[in-house]
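Peer 1: my_file_34.cif (mmCIF, C-alpha atoms) pasted underneath:
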data_final
loop_
_atom_site.label_atom_id
_atom_site.label_comp_id
_atom_site.auth_asym_id
_atom_site.auth_seq_id
_atom_site.Cartn_x
_atom_site.Cartn_y
_atom_site.Cartn_z
CA MET Q 1 -20.26 40.40 19.25
CA ALA Q 2 -19.09 42.70 22.06
CA LEU Q 3 -19.35 46.40 21.38
CA LEU Q 4 -16.48 48.83 21.93
CA ALA Q 5 -17.37 51.88 24.01
CA LEU Q 6 -16.61 55.00 21.95
CA ALA Q 7 -15.16 57.77 24.10
CA SER Q 8 -15.07 60.66 21.65
CA SER Q 9 -15.21 61.64 18.01
CA ALA Q 10 -11.68 62.81 17.25
CA PHE Q 11 -11.10 61.11 13.91
CA THR Q 12 -8.10 60.70 11.61
CA VAL Q 13 -8.35 58.90 8.24
CA HIS Q 14 -5.36 56.98 6.87
CA ALA Q 15 -5.07 56.68 3.10
CA GLN Q 16 -2.83 53.65 2.57
CA SER Q 17 -3.93 50.06 3.15
CA ASN Q 18 -2.20 46.94 4.32
CA MET Q 19 -5.11 44.82 5.53
CA THR Q 20 -8.35 43.74 3.91
CA ILE Q 21 -11.73 42.71 5.26
CA SER Q 22 -14.15 41.15 2.83
CA GLY Q 23 -17.32 39.14 3.11
CA LYS Q 24 -21.08 39.46 3.28
CA ILE Q 25 -23.42 41.81 5.06
CA GLU Q 26 -27.06 41.12 5.86
CA GLY Q 27 -29.91 43.40 6.89
CA VAL Q 28 -28.75 46.58 5.13
CA LYS Q 29 -29.05 46.97 1.37
CA SER Q 30 -26.33 49.57 0.93
CA GLY Q 31 -24.39 52.16 2.82
CA GLN Q 32 -21.00 52.92 4.24
CA LEU Q 33 -18.78 50.88 6.55
CA ILE Q 34 -16.40 52.66 8.90
CA LEU Q 35 -13.49 50.99 10.69
CA LEU Q 36 -12.77 52.66 14.04
CA ALA Q 37 -10.14 52.14 16.70
CA GLN Q 38 -9.72 53.71 20.11
CA VAL Q 39 -6.21 55.14 20.35
CA GLY Q 40 -6.60 57.18 23.53
CA GLU Q 41 -8.94 57.59 26.46
CA ASN Q 42 -10.82 60.25 24.51
CA GLN Q 43 -9.58 59.70 20.98
CA MET Q 44 -10.82 57.55 18.12
CA ASP Q 45 -9.15 57.04 14.74
CA THR Q 46 -10.91 56.14 11.54
CA LEU Q 47 -8.75 53.44 9.95
CA GLY Q 48 -10.84 52.90 6.85
CA VAL Q 49 -14.09 53.73 5.06
CA ALA Q 50 -15.83 51.73 2.33
CA SER Q 51 -19.15 51.93 0.50
CA PHE Q 52 -21.05 48.67 -0.07
CA LYS Q 53 -24.02 47.13 -1.80
CA ALA Q 54 -25.31 44.00 -0.10
CA PRO Q 55 -24.66 41.18 0.11
CA LYS Q 56 -20.92 41.71 -0.51
CA PHE Q 57 -18.46 44.24 0.86
CA GLN Q 58 -14.73 44.85 0.94
CA MET Q 59 -12.75 47.27 3.05
CA LYS Q 60 -9.06 48.13 3.01
CA ALA Q 61 -7.29 49.85 5.85
CA GLN Q 62 -3.92 50.90 7.21
CA VAL Q 63 -2.92 49.28 10.50
CA LYS Q 64 0.50 49.94 12.01
CA GLU Q 65 0.21 47.51 14.95
CA PRO Q 66 -2.32 45.02 16.32
CA ILE Q 67 -5.24 47.01 17.72
CA MET Q 68 -8.81 46.40 18.87
CA ALA Q 69 -11.02 47.78 16.13
CA GLN Q 70 -14.71 48.00 15.38
CA ILE Q 71 -16.64 47.95 12.11
CA VAL Q 72 -19.76 50.09 12.20
CA VAL Q 73 -22.42 50.75 9.59
CA LYS Q 74 -22.85 54.50 9.23
CA GLY Q 75 -26.20 55.58 10.61
CA TYR Q 76 -26.71 52.43 12.70
CA GLY Q 77 -25.94 51.66 16.34
CA GLY Q 78 -23.66 48.89 17.51
CA GLY Q 79 -20.77 47.34 15.66
CA PHE Q 80 -18.44 44.37 15.31
CA ASN Q 81 -15.22 44.07 17.32
CA PHE Q 82 -12.07 42.32 16.14
CA ILE Q 83 -8.29 42.56 16.42
CA ALA Q 84 -6.94 44.32 13.35
CA GLU Q 85 -3.39 43.30 12.45
CA PRO Q 86 -0.98 44.59 9.80
CA ASN Q 87 -1.00 42.64 6.52
CA ALA Q 88 -3.85 40.36 7.65
CA GLN Q 89 -6.73 39.22 5.45
CA TYR Q 90 -10.14 38.83 7.11
CA GLN Q 91 -13.34 37.10 6.12
CA ALA Q 92 -16.53 38.37 7.74
CA PHE Q 93 -20.26 37.92 7.92
CA LEU Q 94 -21.95 40.97 9.39
CA CYS Q 95 -25.54 40.68 10.58
CA ASN Q 96 -27.77 41.80 13.42
CA GLY Q 97 -27.88 38.81 15.74
CA GLU Q 98 -26.21 35.43 16.12
CA GLY Q 99 -24.01 34.08 13.37
CA ALA Q 100 -21.92 37.19 12.76
CA TYR Q 101 -18.18 36.63 12.67
CA ILE Q 102 -14.85 38.11 11.64
CA LYS Q 103 -11.99 35.64 11.21
CA GLY Q 104 -8.45 35.84 9.95
CA GLY Q 105 -5.31 37.15 11.59
CA LYS Q 106 -3.44 35.16 14.22
CA LEU Q 107 -4.53 37.16 17.29
CA GLN Q 108 -8.12 37.53 16.12
CA ASP Q 109 -8.55 33.79 15.65
CA GLU Q 110 -6.97 33.03 19.02
CA TRP Q 111 -9.10 35.66 20.77
CA GLN Q 112 -12.30 34.44 19.11
CA GLY Q 113 -11.49 30.84 19.90
CA PHE Q 114 -10.97 31.59 23.57
CA SER Q 115 -14.02 33.88 23.69
CA LYS Q 116 -16.14 30.98 22.46
CA ARG Q 117 -14.56 28.62 24.99
CA SER Q 118 -15.07 31.16 27.79
CA ALA Q 119 -18.72 31.69 26.88
CA GLU Q 120 -19.34 27.93 27.00
CA LEU Q 121 -17.70 27.61 30.42
CA HIS Q 122 -19.62 30.54 31.87
CA ALA Q 123 -22.88 29.14 30.50
CA GLU Q 124 -22.08 25.86 32.22
CA ALA Q 125 -21.36 27.70 35.48
CA LYS Q 126 -24.61 29.65 35.21
CA ALA Q 127 -26.62 26.45 34.69
CA MET Q 128 -24.87 24.86 37.68
CA GLN Q 129 -25.61 27.92 39.83
CA GLU Q 130 -29.29 27.71 38.88
CA ARG Q 131 -29.32 23.98 39.68
CA TYR Q 132 -27.77 24.67 43.10
CA GLU Q 133 -30.37 27.32 43.91
CA ALA Q 134 -33.21 25.01 42.80
CA LEU Q 135 -31.91 22.20 45.01
CA ARG Q 136 -31.67 24.51 48.01
CA ALA Q 137 -35.20 25.78 47.39
CA ALA Q 138 -36.36 22.16 47.38
CA ASN Q 139 -34.54 21.52 50.69
CA LYS Q 140 -32.25 18.97 49.03
CA PHE Q 141 -29.25 20.21 50.95
CA ARG Q 142 -26.91 17.26 50.39
CA SER Q 143 -27.32 17.46 46.62
CA ALA Q 144 -27.10 21.24 46.79
CA SER Q 145 -23.82 21.03 48.73
CA ALA Q 146 -22.34 18.61 46.18
CA THR Q 147 -23.44 20.88 43.32
CA ASN Q 148 -21.94 23.89 45.07
CA ASP Q 149 -18.62 22.05 45.42
CA SER Q 150 -18.69 21.27 41.70
CA LEU Q 151 -19.49 24.90 40.94
CA ARG Q 152 -16.51 26.13 42.94
CA THR Q 153 -14.24 23.66 41.15
CA LEU Q 154 -15.55 24.85 37.79
CA GLN Q 155 -15.12 28.52 38.72
CA GLU Q 156 -11.53 27.88 39.81
CA SER Q 157 -10.93 26.05 36.53
CA ILE Q 158 -12.36 28.98 34.55
CA HIS Q 159 -10.11 31.41 36.41
CA THR Q 160 -7.03 29.24 35.90
CA GLU Q 161 -7.72 28.68 32.21
CA THR Q 162 -8.43 32.37 31.63
CA GLN Q 163 -5.27 33.46 33.42
CA SER Q 164 -3.17 30.92 31.50
CA PHE Q 165 -4.52 32.26 28.21
CA LEU Q 166 -3.79 35.85 29.19
CA ASP Q 167 -0.33 35.00 30.54
CA ALA Q 168 0.48 33.52 27.13
CA HIS Q 169 -0.47 36.80 25.44
CA ASP Q 170 1.92 39.60 26.16
CA ASP Q 171 0.04 41.71 23.66
CA VAL Q 172 -3.12 43.71 22.99
CA ILE Q 173 -5.41 40.84 24.07
CA THR Q 174 -4.27 40.98 27.70
CA ALA Q 175 -4.10 44.78 27.75
CA TYR Q 176 -7.61 45.11 26.28
CA THR Q 177 -8.98 42.59 28.78
CA TYR Q 178 -7.31 44.13 31.83
CA ASN Q 179 -8.26 47.66 30.85
CA GLY Q 180 -11.86 46.57 30.27
CA ASN Q 181 -11.95 44.80 33.63
CA ALA Q 182 -10.61 47.90 35.39
CA LEU Q 183 -13.25 50.09 33.78
CA MET Q 184 -16.16 47.74 34.46
CA ALA Q 185 -15.14 47.27 38.08
CA GLU Q 186 -14.45 51.00 38.44
CA MET Q 187 -11.13 50.09 40.05
CA ASN Q 188 -9.36 52.65 42.17
CA LEU Q 189 -5.88 53.92 41.36
CA THR Q 190 -4.02 51.37 43.49
CA ASP Q 191 -5.80 48.34 42.00
CA THR Q 192 -5.61 49.68 38.45
CA ARG Q 193 -1.89 50.32 38.80
CA ARG Q 194 -1.36 46.84 40.27
CA LEU Q 195 -3.20 45.26 37.34
CA TYR Q 196 -1.25 47.34 34.83
CA ASP Q 197 2.08 46.46 36.48
CA SER Q 198 1.25 42.74 36.23
CA MET Q 199 1.32 42.94 32.41
CA GLY Q 200 4.37 42.32 30.26
CA GLU Q 201 6.05 45.01 28.20
CA GLY Q 202 4.33 43.85 25.02
CA ALA Q 203 0.89 44.36 26.53
CA LYS Q 204 1.88 47.69 28.10
CA ASN Q 205 3.16 48.97 24.74
CA SER Q 206 -0.01 47.95 22.86
CA PRO Q 207 -2.72 50.56 22.12
CA SER Q 208 -4.91 49.21 24.94
CA GLY Q 209 -1.94 49.24 27.32
CA ARG Q 210 -1.21 52.86 26.49
CA ILE Q 211 -4.87 53.75 27.07
CA MET Q 212 -4.76 52.04 30.46
CA LEU Q 213 -1.65 54.03 31.38
CA GLN Q 214 -3.37 57.26 30.35
CA ARG Q 215 -6.20 56.45 32.77
CA ILE Q 216 -3.71 55.75 35.56
CA GLN Q 217 -1.92 59.03 34.91
CA ARG Q 218 -5.23 60.90 34.95
CA MET Q 219 -6.26 59.22 38.21
CA GLU Q 220 -2.88 60.09 39.74
CA LYS Q 221 -3.59 63.77 39.13
CA VAL Q 222 -6.52 63.66 41.55
CA SER Q 223 -5.04 61.35 44.19
CA GLN Q 224 -4.51 62.57 47.74
CA GLY Q 225 -1.46 64.79 48.08
CA ARG Q 226 -1.45 65.91 44.46
CA LYS Q 227 -2.35 69.43 43.36
CA ALA Q 228 -5.92 69.47 42.09
CA PRO Q 229 -6.26 70.09 38.35
CA ASP Q 230 -7.33 73.67 37.75
CA PHE Q 231 -10.52 74.35 35.83
CA THR Q 232 -12.76 77.18 34.70
CA LEU Q 233 -16.55 76.83 34.50
CA GLN Q 234 -19.46 79.25 34.34
CA ASP Q 235 -21.59 80.07 37.36
CA LEU Q 236 -25.36 80.60 37.41
CA ALA Q 237 -24.97 84.14 36.05
CA GLY Q 238 -22.70 83.02 33.20
CA ASN Q 239 -19.51 84.35 34.76
CA ASN Q 240 -16.31 82.31 34.55
CA VAL Q 241 -15.05 80.87 37.82
CA THR Q 242 -11.51 79.48 38.00
CA LEU Q 243 -10.73 77.09 40.84
CA GLY Q 244 -7.19 78.42 41.33
CA LYS Q 245 -8.46 81.99 41.73
CA VAL Q 246 -10.86 81.12 44.55
CA LYS Q 247 -9.17 82.17 47.78
CA ALA Q 248 -9.83 80.04 50.86
CA LYS Q 249 -7.97 78.13 53.56
CA VAL Q 250 -9.94 75.02 52.67
CA LYS Q 251 -11.95 74.36 49.50
CA ILE Q 252 -14.52 71.67 48.91
CA VAL Q 253 -15.09 70.71 45.28
CA ASP Q 254 -18.45 68.96 45.29
CA PHE Q 255 -19.64 67.12 42.17
CA TRP Q 256 -23.43 66.70 42.23
CA ALA Q 257 -26.58 66.97 40.07
CA SER Q 258 -30.20 68.01 40.49
CA TRP Q 259 -31.35 64.47 39.64
CA CYS Q 260 -29.07 62.84 42.24
CA GLY Q 261 -31.07 61.91 45.34
CA PRO Q 262 -28.05 61.30 47.62
CA CYS Q 263 -26.60 64.65 46.48
CA ARG Q 264 -29.75 66.52 47.42
CA LEU Q 265 -29.87 64.72 50.77
CA ASN Q 266 -26.25 65.71 51.39
CA ASN Q 267 -26.88 69.41 50.71
CA PRO Q 268 -28.35 70.22 54.16
CA SER Q 269 -25.21 68.78 55.76
CA LEU Q 270 -23.01 70.89 53.50
CA LYS Q 271 -25.10 73.98 54.33
CA LYS Q 272 -24.59 73.39 58.04
CA ILE Q 273 -20.84 73.00 57.54
CA TYR Q 274 -20.66 76.04 55.27
CA SER Q 275 -22.53 78.20 57.77
CA LYS Q 276 -20.18 77.13 60.56
CA TYR Q 277 -16.83 77.33 58.75
CA HIS Q 278 -17.20 79.81 55.88
CA ASP Q 279 -16.09 82.78 58.01
CA LYS Q 280 -13.11 80.71 59.18
CA GLY Q 281 -11.84 80.13 55.64
CA LEU Q 282 -14.01 77.48 53.99
CA GLU Q 283 -15.31 77.79 50.44
CA ILE Q 284 -17.41 75.30 48.49
CA ILE Q 285 -17.44 75.01 44.71
CA SER Q 286 -20.28 72.77 43.57
CA VAL Q 287 -19.87 71.37 40.05
CA SER Q 288 -23.23 70.28 38.66
CA LEU Q 289 -23.41 67.41 36.18
CA ASP Q 290 -26.76 68.64 34.90
CA ASN Q 291 -27.27 69.23 31.19
CA VAL Q 292 -30.42 71.39 31.49
CA LYS Q 293 -29.80 74.79 33.05
CA GLU Q 294 -33.36 75.27 34.28
CA ARG Q 295 -33.19 72.07 36.36
CA TRP Q 296 -29.82 73.06 37.80
CA VAL Q 297 -31.02 76.56 38.69
CA LYS Q 298 -34.22 75.21 40.26
CA ALA Q 299 -32.30 72.70 42.41
CA VAL Q 300 -29.86 75.36 43.64
CA ASP Q 301 -32.80 77.62 44.51
CA GLN Q 302 -34.83 74.87 46.19
CA ASP Q 303 -31.88 73.66 48.29
CA GLY Q 304 -30.72 77.22 49.01
CA LEU Q 305 -27.06 76.67 48.16
CA PRO Q 306 -25.19 79.90 49.10
CA TRP Q 307 -21.77 79.00 47.79
CA ILE Q 308 -20.19 78.95 44.32
CA ASN Q 309 -22.20 76.90 41.82
CA VAL Q 310 -20.75 76.12 38.39
CA SER Q 311 -21.47 73.73 35.52
CA SER Q 312 -20.49 72.92 31.95
CA LEU Q 313 -24.09 71.73 31.39
CA ASN Q 314 -22.64 68.71 29.59
CA GLY Q 315 -23.82 66.11 32.08
CA TRP Q 316 -21.47 63.13 32.34
CA LYS Q 317 -19.54 64.51 29.37
CA CYS Q 318 -18.23 67.31 31.58
CA ASP Q 319 -14.47 67.47 30.98
CA VAL Q 320 -13.84 68.50 34.59
CA ALA Q 321 -15.69 65.44 35.91
CA ARG Q 322 -13.66 63.24 33.56
CA THR Q 323 -10.42 64.87 34.68
CA TYR Q 324 -11.34 64.21 38.31
CA ASP Q 325 -12.31 60.63 37.42
CA VAL Q 326 -15.83 61.10 38.80
CA LYS Q 327 -17.77 57.87 38.29
CA ALA Q 328 -20.65 58.60 40.66
CA VAL Q 329 -22.13 61.56 42.51
CA PRO Q 330 -21.88 62.99 45.06
CA ALA Q 331 -18.09 63.10 44.81
CA ILE Q 332 -16.14 65.38 47.14
CA PHE Q 333 -12.55 66.62 46.98
CA VAL Q 334 -11.17 68.66 49.87
CA LEU Q 335 -8.30 71.03 49.01
CA ASP Q 336 -5.93 73.13 51.07
CA ALA Q 337 -5.12 76.78 50.41
CA GLU Q 338 -2.62 75.81 47.69
CA ASP Q 339 -5.17 73.48 46.04
CA HIS Q 340 -3.51 70.25 47.11
CA ILE Q 341 -5.99 67.40 47.59
CA VAL Q 342 -6.03 66.59 51.31
CA ALA Q 343 -9.10 64.32 51.43
CA THR Q 344 -11.65 62.71 49.11
CA ASN Q 345 -15.22 61.54 49.46
CA ILE Q 346 -15.74 62.34 53.10
CA ARG Q 347 -19.04 63.83 54.17
CA GLY Q 348 -21.30 64.37 57.15
CA GLU Q 349 -19.68 64.00 60.57
CA ALA Q 350 -16.35 62.86 59.09
CA LEU Q 351 -16.14 66.01 56.96
CA GLU Q 352 -17.10 68.24 59.88
CA ASN Q 353 -14.42 66.65 62.10
CA PHE Q 354 -11.87 67.14 59.32
CA LEU Q 355 -12.76 70.85 59.02
CA LYS Q 356 -12.72 71.26 62.79
CA ASP Q 357 -9.15 69.98 62.80
CA LYS Q 358 -8.12 72.28 59.93
CA LEU Q 359 -10.07 75.43 60.78
CA GLY Q 360 -10.86 75.13 64.48
CA ASP Q 361 -14.19 74.75 66.24
#
Once more with this new file: its structure as structure tokens, please.
Peer 2:
Amino acid sequence: MALLALASSAFTVHAQSNMTISGKIEGVKSGQLILLAQVGENQMDTLGVASFKAPKFQMKAQVKEPIMAQIVVKGYGGGFNFIAEPNAQYQAFLCNGEGAYIKGGKLQDEWQGFSKRSAELHAEAKAMQERYEALRAANKFRSASATNDSLRTLQESIHTETQSFLDAHDDVITAYTYNGNALMAEMNLTDTRRLYDSMGEGAKNSPSGRIMLQRIQRMEKVSQGRKAPDFTLQDLAGNNVTLGKVKAKVKIVDFWASWCGPCRLNNPSLKKIYSKYHDKGLEIISVSLDNVKERWVKAVDQDGLPWINVSSLNGWKCDVARTYDVKAVPAIFVLDAEDHIVATNIRGEALENFLKDKLGD
């Protein structure tokens, strides 16, 4: 079954119970089951905990509204996703591999039924794609063309059937799907907002809908024209550096890392720009996404970076990178003297032309 990405470990345990999951577990003799649910971009709740001795288990939990949840075995990776609903009774078979299931609850059964149907259709499309490629490789172009036409028809049918299913679910199913699609595709603010706005009020007000809105609101904070979120990080000497206290006509906040090849290749260009425009009011604050200080220090020394260098040394778990919605490095934000974002992800000649316009030649 699909695994839910866990964003953080902020847990809350609820004592009462209004839903039950019971069934069999295979592959673990005994242990503890934990029922988790993501309730915010960086917040998880523990809905229930139960000890078990194989092969049987039973877990009770409190659920206030339908929510995507995950059963995990304490001490083991992975887990089992399902839609937890108030007052629902679930039957489950938990195992490592095919055959695992959780059934019961109106939304869960509908979601599982469509997931099975979707998997079958996509498997059919994959087989047809492979057949098309084999026919082309064999120079059987007429048959390949006919197969390609059939593939397009099937893909359109899959899209139509999927959209019809989601349109019929103004609830957590659609919100969970749309939010997952936005994350996997690393959608920008405009596309994420458009997808969110296409949902009904029921989906928007579901836990997954609220999480999607949180992401949109976070992305809006670092969109062009907005004031950049302030932050404080330590420099190479261990001193705190606060973005808002750095005085400059133009600031470049550059997210990078010692292990990032494109970042290292971009550093000479930044050095050239810094040398030319620093005395005219430019400052650069490089935020490293390293998690080993020695590697960060070595890279700064090797590349000869003369500007402000800071890091949380938490790698991709850096809260500042999350706040700025950094999905890849290098990532550049250009700020004015009042810390408003005036440009993003421009580099090289485009960045130099931008600075020339703002600071003069």
Peer 1: Need to verify the contact set: region 112-122 of chain Q, 12 Å, only C-alpha atoms, exclusion of same-chain residues closer than 6 positions in sequence. Can you return it as a PyMOL selection string?
Peer 2: chain Q and resi 1-2+81-83+100-106+128-129+151+153-166+169+173+177
Peer 1: With all atoms listed in the file as the basis for distance, which of Q:Ala175, Q:Ala182, Q:Leu135, Q:Ile308 is at the shortest distance from Asp235 (chain Q)?
Peer 2: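 Smallest distance to Asp235 (chain Q) is found for Q:Ile308.
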Peer 1: Applied to the shown file, which residues does the PyMOL selection byres ((chain Q and resi 188-200) around 7) return, written as a ChimeraX atom specification?
Peer 2: /Q:170,178,182,186-187,201-204,216,219
Peer 1: Quick one: which residues end up in the PyMOL selection byres ((chain Q and resi 148) around 12) for this structure, as a count of residues only?
Peer 2: 26
Peer 1: Can you translate the PyMOL selection byres ((chain Q and resi 206) around 8) into the concrete residues it hits in this file, as a PyMOL selection string?
Peer 2: chain Q and resi 65-67+171-172+175+202-205+207-210
Peer 1: Just checking: using all atoms listed in the file, which residue out of Q:Asp319, Q:Gln234, Q:Glu41, Q:Pro229 ends up closest to Asn179 (chain Q)?
Peer 2: Q:Glu41
Peer 1: What gap, in Å, lies between CA of Gly79 (chain Q) and CA of Phe57 (chain Q)?
Peer 2: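 Straight-line distance from CA of Gly79 (chain Q) to CA of Phe57 (chain Q) works out to 15.3 Å.
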Peer 1: How far is it from CA of Tyr76 (chain Q) to CA of Pro55 (chain Q), in Å with one decimal?
Peer 2: 17.0 Å
Peer 1: Reconstruct N, CA and C atoms of region 278-305 of chain Q; output as a short mmCIF file (atom, residue, chain, number, x, y, z; two decimals), in the frame of the given file.
Peer 2:
data_model
loop_
_atom_site.label_atom_id
_atom_site.label_comp_id
_atom_site.auth_asym_id
_atom_site.auth_seq_id
_atom_site.Cartn_x
_atom_site.Cartn_y
_atom_site.Cartn_z
N HIS Q 278 -17.49 78.88 56.98
CA HIS Q 278 -17.20 79.81 55.88
C HIS Q 278 -16.39 81.01 56.36
N ASP Q 279 -16.80 81.61 57.50
CA ASP Q 279 -16.09 82.78 58.01
C ASP Q 279 -14.69 82.44 58.52
N LYS Q 280 -14.42 81.14 58.71
CA LYS Q 280 -13.11 80.71 59.18
C LYS Q 280 -12.18 80.30 58.03
N GLY Q 281 -12.71 80.40 56.78
CA GLY Q 281 -11.84 80.13 55.64
C GLY Q 281 -12.27 79.03 54.71
N LEU Q 282 -13.52 78.55 54.87
CA LEU Q 282 -14.01 77.48 53.99
C LEU Q 282 -14.75 78.06 52.78
N GLU Q 283 -14.50 77.48 51.62
CA GLU Q 283 -15.31 77.79 50.44
C GLU Q 283 -15.71 76.49 49.77
N ILE Q 284 -16.91 76.47 49.21
CA ILE Q 284 -17.41 75.30 48.49
C ILE Q 284 -17.65 75.69 47.04
N ILE Q 285 -17.18 74.84 46.14
CA ILE Q 285 -17.44 75.01 44.71
C ILE Q 285 -18.19 73.76 44.26
N SER Q 286 -19.47 73.90 44.01
CA SER Q 286 -20.28 72.77 43.57
C SER Q 286 -20.30 72.72 42.05
N VAL Q 287 -19.90 71.57 41.51
CA VAL Q 287 -19.87 71.37 40.05
C VAL Q 287 -21.04 70.47 39.68
N SER Q 288 -22.04 71.04 39.02
CA SER Q 288 -23.23 70.28 38.66
C SER Q 288 -23.01 69.48 37.38
N LEU Q 289 -23.47 68.23 37.39
CA LEU Q 289 -23.41 67.41 36.18
C LEU Q 289 -24.76 67.39 35.48
N ASP Q 290 -25.51 68.47 35.66
CA ASP Q 290 -26.76 68.64 34.90
C ASP Q 290 -26.44 68.99 33.46
N ASN Q 291 -27.41 68.76 32.58
CA ASN Q 291 -27.27 69.23 31.19
C ASN Q 291 -28.43 70.15 30.79
N VAL Q 292 -29.33 70.44 31.74
CA VAL Q 292 -30.42 71.39 31.49
C VAL Q 292 -30.33 72.48 32.55
N LYS Q 293 -30.06 73.71 32.11
CA LYS Q 293 -29.80 74.79 33.05
C LYS Q 293 -30.97 75.04 33.98
N GLU Q 294 -32.19 74.97 33.47
CA GLU Q 294 -33.36 75.27 34.28
C GLU Q 294 -33.45 74.33 35.49
N ARG Q 295 -33.14 73.04 35.27
CA ARG Q 295 -33.19 72.07 36.36
C ARG Q 295 -32.10 72.35 37.39
N TRP Q 296 -30.93 72.72 36.91
CA TRP Q 296 -29.82 73.06 37.80
C TRP Q 296 -30.17 74.28 38.65
N VAL Q 297 -30.66 75.33 37.99
CA VAL Q 297 -31.02 76.56 38.69
C VAL Q 297 -32.11 76.30 39.72
N LYS Q 298 -33.11 75.52 39.34
CA LYS Q 298 -34.22 75.21 40.26
C LYS Q 298 -33.73 74.46 41.49
N ALA Q 299 -32.82 73.48 41.29
CA ALA Q 299 -32.30 72.70 42.41
C ALA Q 299 -31.48 73.57 43.35
N VAL Q 300 -30.66 74.46 42.81
CA VAL Q 300 -29.86 75.36 43.64
C VAL Q 300 -30.77 76.25 44.46
N ASP Q 301 -31.85 76.74 43.83
CA ASP Q 301 -32.80 77.62 44.51
C ASP Q 301 -33.57 76.85 45.58
N GLN Q 302 -34.06 75.66 45.23
CA GLN Q 302 -34.83 74.87 46.19
C GLN Q 302 -34.01 74.48 47.41
N ASP Q 303 -32.73 74.10 47.19
CA ASP Q 303 -31.88 73.66 48.29
C ASP Q 303 -31.18 74.81 48.99
N GLY Q 304 -31.30 76.04 48.40
CA GLY Q 304 -30.72 77.22 49.01
C GLY Q 304 -29.22 77.14 49.19
N LEU Q 305 -28.51 76.86 48.09
CA LEU Q 305 -27.06 76.67 48.16
C LEU Q 305 -26.36 78.02 48.02
#
